[in-house]
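Next up, input_39.pdb (PDB, C-alpha atoms):
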ATOM      1  CA  MET A  81       4.129   0.362  -1.093  1.00  0.00           C
ATOM      2  CA  TYR A  82       0.907  -1.651  -1.257  1.00  0.00           C
ATOM      3  CA  ASN A  83      -0.996  -0.046  -4.122  1.00  0.00           C
ATOM      4  CA  ASP A  84      -1.420  -1.719  -7.530  1.00  0.00           C
ATOM      5  CA  LYS A  85       1.785  -0.291  -9.062  1.00  0.00           C
ATOM      6  CA  LEU A  86       4.817  -2.526  -9.570  1.00  0.00           C
ATOM      7  CA  TRP A  87       7.895  -1.722  -7.529  1.00  0.00           C
ATOM      8  CA  LYS A  88      10.633  -0.058  -9.528  1.00  0.00           C
ATOM      9  CA  PRO A  89      13.587  -2.246 -10.502  1.00  0.00           C
ATOM     10  CA  ASN A  90      17.004  -1.622  -8.939  1.00  0.00           C
ATOM     11  CA  LEU A  91      15.721  -0.255  -5.642  1.00  0.00           C
ATOM     12  CA  PRO A  92      18.570  -0.194  -3.102  1.00  0.00           C
ATOM     13  CA  THR A  93      18.914  -3.118  -0.697  1.00  0.00           C
ATOM     14  CA  ALA A  94      19.604  -2.477   2.975  1.00  0.00           C
ATOM     15  CA  LYS A  95      23.052  -3.774   3.980  1.00  0.00           C
ATOM     16  CA  GLY A  96      21.565  -6.287   6.417  1.00  0.00           C
ATOM     17  CA  PHE A  97      19.625  -8.011   3.634  1.00  0.00           C
ATOM     18  CA  LYS A  98      22.419  -8.379   1.083  1.00  0.00           C
ATOM     19  CA  VAL A  99      23.377 -11.996   0.454  1.00  0.00           C
ATOM     20  CA  LEU A 100      27.152 -12.184   0.261  1.00  0.00           C
ATOM     21  CA  ASP A 101      27.800 -15.885   0.834  1.00  0.00           C
ATOM     22  CA  HIS A 102      27.242 -18.887  -1.430  1.00  0.00           C
ATOM     23  CA  LYS A 103      23.730 -20.379  -1.392  1.00  0.00           C
ATOM     24  CA  VAL A 104      22.451 -23.706  -2.700  1.00  0.00           C
ATOM     25  CA  PHE A 105      19.627 -22.842  -5.104  1.00  0.00           C
ATOM     26  CA  GLU A 106      17.419 -25.905  -4.468  1.00  0.00           C
ATOM     27  CA  LYS A 107      17.683 -25.493  -0.698  1.00  0.00           C
ATOM     28  CA  GLU A 108      16.791 -21.783  -0.912  1.00  0.00           C
ATOM     29  CA  LYS A 109      13.939 -22.514  -3.342  1.00  0.00           C
ATOM     30  CA  ASP A 110      12.494 -25.150  -0.971  1.00  0.00           C
ATOM     31  CA  SER A 111      12.812 -22.705   1.927  1.00  0.00           C
ATOM     32  CA  LEU A 112      10.962 -20.007  -0.029  1.00  0.00           C
ATOM     33  CA  ILE A 113       8.174 -22.412  -0.977  1.00  0.00           C
ATOM     34  CA  GLY A 114       7.833 -23.382   2.688  1.00  0.00           C
ATOM     35  CA  LEU A 115       7.622 -19.733   3.758  1.00  0.00           C
ATOM     36  CA  ILE A 116       4.965 -19.017   1.116  1.00  0.00           C
ATOM     37  CA  LYS A 117       2.901 -21.980   2.346  1.00  0.00           C
ATOM     38  CA  GLU A 118       3.343 -20.877   5.967  1.00  0.00           C
ATOM     39  CA  PHE A 119       2.192 -17.344   5.118  1.00  0.00           C
ATOM     40  CA  HIS A 120      -0.803 -18.704   3.185  1.00  0.00           C
ATOM     41  CA  GLN A 121      -1.866 -20.796   6.193  1.00  0.00           C
ATOM     42  CA  GLU A 122      -2.239 -17.513   8.086  1.00  0.00           C
ATOM     43  CA  LYS A 123      -4.570 -16.006   5.452  1.00  0.00           C
ATOM     44  CA  ASP A 124      -7.464 -15.656   7.896  1.00  0.00           C
ATOM     45  CA  LYS A 125      -5.380 -14.055  10.636  1.00  0.00           C
ATOM     46  CA  LYS A 126      -6.885 -10.721  11.687  1.00  0.00           C
ATOM     47  CA  GLN A 127      -3.993  -9.172  13.635  1.00  0.00           C
ATOM     48  CA  TRP A 128      -0.327  -9.081  12.611  1.00  0.00           C
ATOM     49  CA  ASP A 129       2.757  -7.721  14.314  1.00  0.00           C
ATOM     50  CA  PRO A 130       3.848  -4.359  12.886  1.00  0.00           C
ATOM     51  CA  HIS A 131       6.245  -4.354   9.964  1.00  0.00           C
ATOM     52  CA  PRO A 132       9.713  -3.378  11.243  1.00  0.00           C
ATOM     53  CA  ALA A 133      10.009  -0.449   8.820  1.00  0.00           C
ATOM     54  CA  PHE A 134       6.448   0.477   7.822  1.00  0.00           C
ATOM     55  CA  GLY A 135       4.399  -0.139  10.969  1.00  0.00           C
ATOM     56  CA  HIS A 136       0.906  -1.602  11.128  1.00  0.00           C
ATOM     57  CA  PHE A 137      -0.790  -3.056   8.060  1.00  0.00           C
ATOM     58  CA  SER A 138      -4.288  -4.443   7.652  1.00  0.00           C
ATOM     59  CA  PRO A 139      -4.423  -8.142   6.680  1.00  0.00           C
ATOM     60  CA  GLU A 140      -5.162  -7.073   3.091  1.00  0.00           C
ATOM     61  CA  GLN A 141      -2.152  -4.745   3.069  1.00  0.00           C
ATOM     62  CA  TRP A 142       0.078  -7.539   4.414  1.00  0.00           C
ATOM     63  CA  GLY A 143      -1.082  -9.806   1.586  1.00  0.00           C
ATOM     64  CA  LYS A 144      -0.449  -7.159  -1.055  1.00  0.00           C
ATOM     65  CA  MET A 145       2.963  -6.355   0.398  1.00  0.00           C
ATOM     66  CA  GLN A 146       4.023 -10.008   0.410  1.00  0.00           C
ATOM     67  CA  TYR A 147       2.768 -10.494  -3.143  1.00  0.00           C
ATOM     68  CA  LYS A 148       4.511  -7.363  -4.416  1.00  0.00           C
ATOM     69  CA  HIS A 149       7.765  -8.186  -2.636  1.00  0.00           C
ATOM     70  CA  LEU A 150       7.914 -11.718  -4.049  1.00  0.00           C
ATOM     71  CA  ASP A 151       6.810 -10.549  -7.503  1.00  0.00           C
ATOM     72  CA  HIS A 152       9.507  -7.849  -7.429  1.00  0.00           C
ATOM     73  CA  HIS A 153      12.268 -10.379  -6.810  1.00  0.00           C
ATOM     74  CA  LEU A 154      10.940 -12.962  -9.255  1.00  0.00           C
ATOM     75  CA  ARG A 155      10.891 -10.258 -11.950  1.00  0.00           C
ATOM     76  CA  GLN A 156      14.357  -9.132 -10.846  1.00  0.00           C
ATOM     77  CA  PHE A 157      15.738 -12.572 -11.622  1.00  0.00           C
ATOM     78  CA  GLY A 158      13.642 -13.181 -14.743  1.00  0.00           C
ATOM     79  CA  VAL A 159      11.385 -15.837 -13.246  1.00  0.00           C
TER      80      VAL A 159
END

Rewrite the structure from the file as structure tokens, please.
Amino acid sequence: MYNDKLWKPNLPTAKGFKVLDHKVFEKEKDSLIGLIKEFHQEKDKKQWDPHPAFGHFSPEQWGKMQYKHLDHHLRQFGV
């Protein structure tokens, strides 16, 4: 999950994460930017709560996972 390989396109999405209602793009974009900034402010944090599915990560692994996850979805939507 956190090596240097890109995630494969069309991986299945867990039911709980599927967006089924209408969203306002600008509002969601602003929210994402805020979350990215919030995560970046924690860049020197040494201890993180475990990931709900994958368990404990080192700070470096958390950073790679966040990067890969965002990159995956930006590629998914052609950004």

Can you turn the PyMOL selection byres ((chain A and resi 90) around 12) into a concrete residue list for this file, as a compact mmCIF listing (two decimals) with C-alpha atoms, keeping the file's coordinate frame?
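Result file out_36.txt:
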# COMPACT_ATOMS: atom_id res chain seq x y z
CA TRP A 87 7.90 -1.72 -7.53
CA LYS A 88 10.63 -0.06 -9.53
CA PRO A 89 13.59 -2.25 -10.50
CA LEU A 91 15.72 -0.26 -5.64
CA PRO A 92 18.57 -0.19 -3.10
CA THR A 93 18.91 -3.12 -0.70
CA HIS A 152 9.51 -7.85 -7.43
CA HIS A 153 12.27 -10.38 -6.81
CA ARG A 155 10.89 -10.26 -11.95
CA GLN A 156 14.36 -9.13 -10.85
CA PHE A 157 15.74 -12.57 -11.62

(request) Carefully work through the PyMOL selection byres ((chain A and resi 143) around 12) for this structure and note down the residues it includes, as a PyMOL selection string. (result) chain A and resi 81-83+116+119-126+128+137-142+144-150

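The interatomic distance for the pair atom CA of Gly135 of chain A and atom CA of Ser111 of chain A works out to 25.7 Å.
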
(message) Using all atoms listed in the file for the distances, tell me which of A:Asp151, A:Asp84, A:Gly158, A:Ala94 is nearest to Ala133 of chain A.
(response) A:Ala94

(request) To one decimal in Å, tell me the separation between atom CA of Phe134 of chain A and atom CA of Lys117 of chain A. (result) 23.4 Å

(message) Report, in Å with one decimal, the straight-line distance from atom CA of Lys85 of chain A to atom CA of Lys109 of chain A.
(response)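 Taking atom CA of Lys85 of chain A and atom CA of Lys109 of chain A, their separation equals 26.0 Å.
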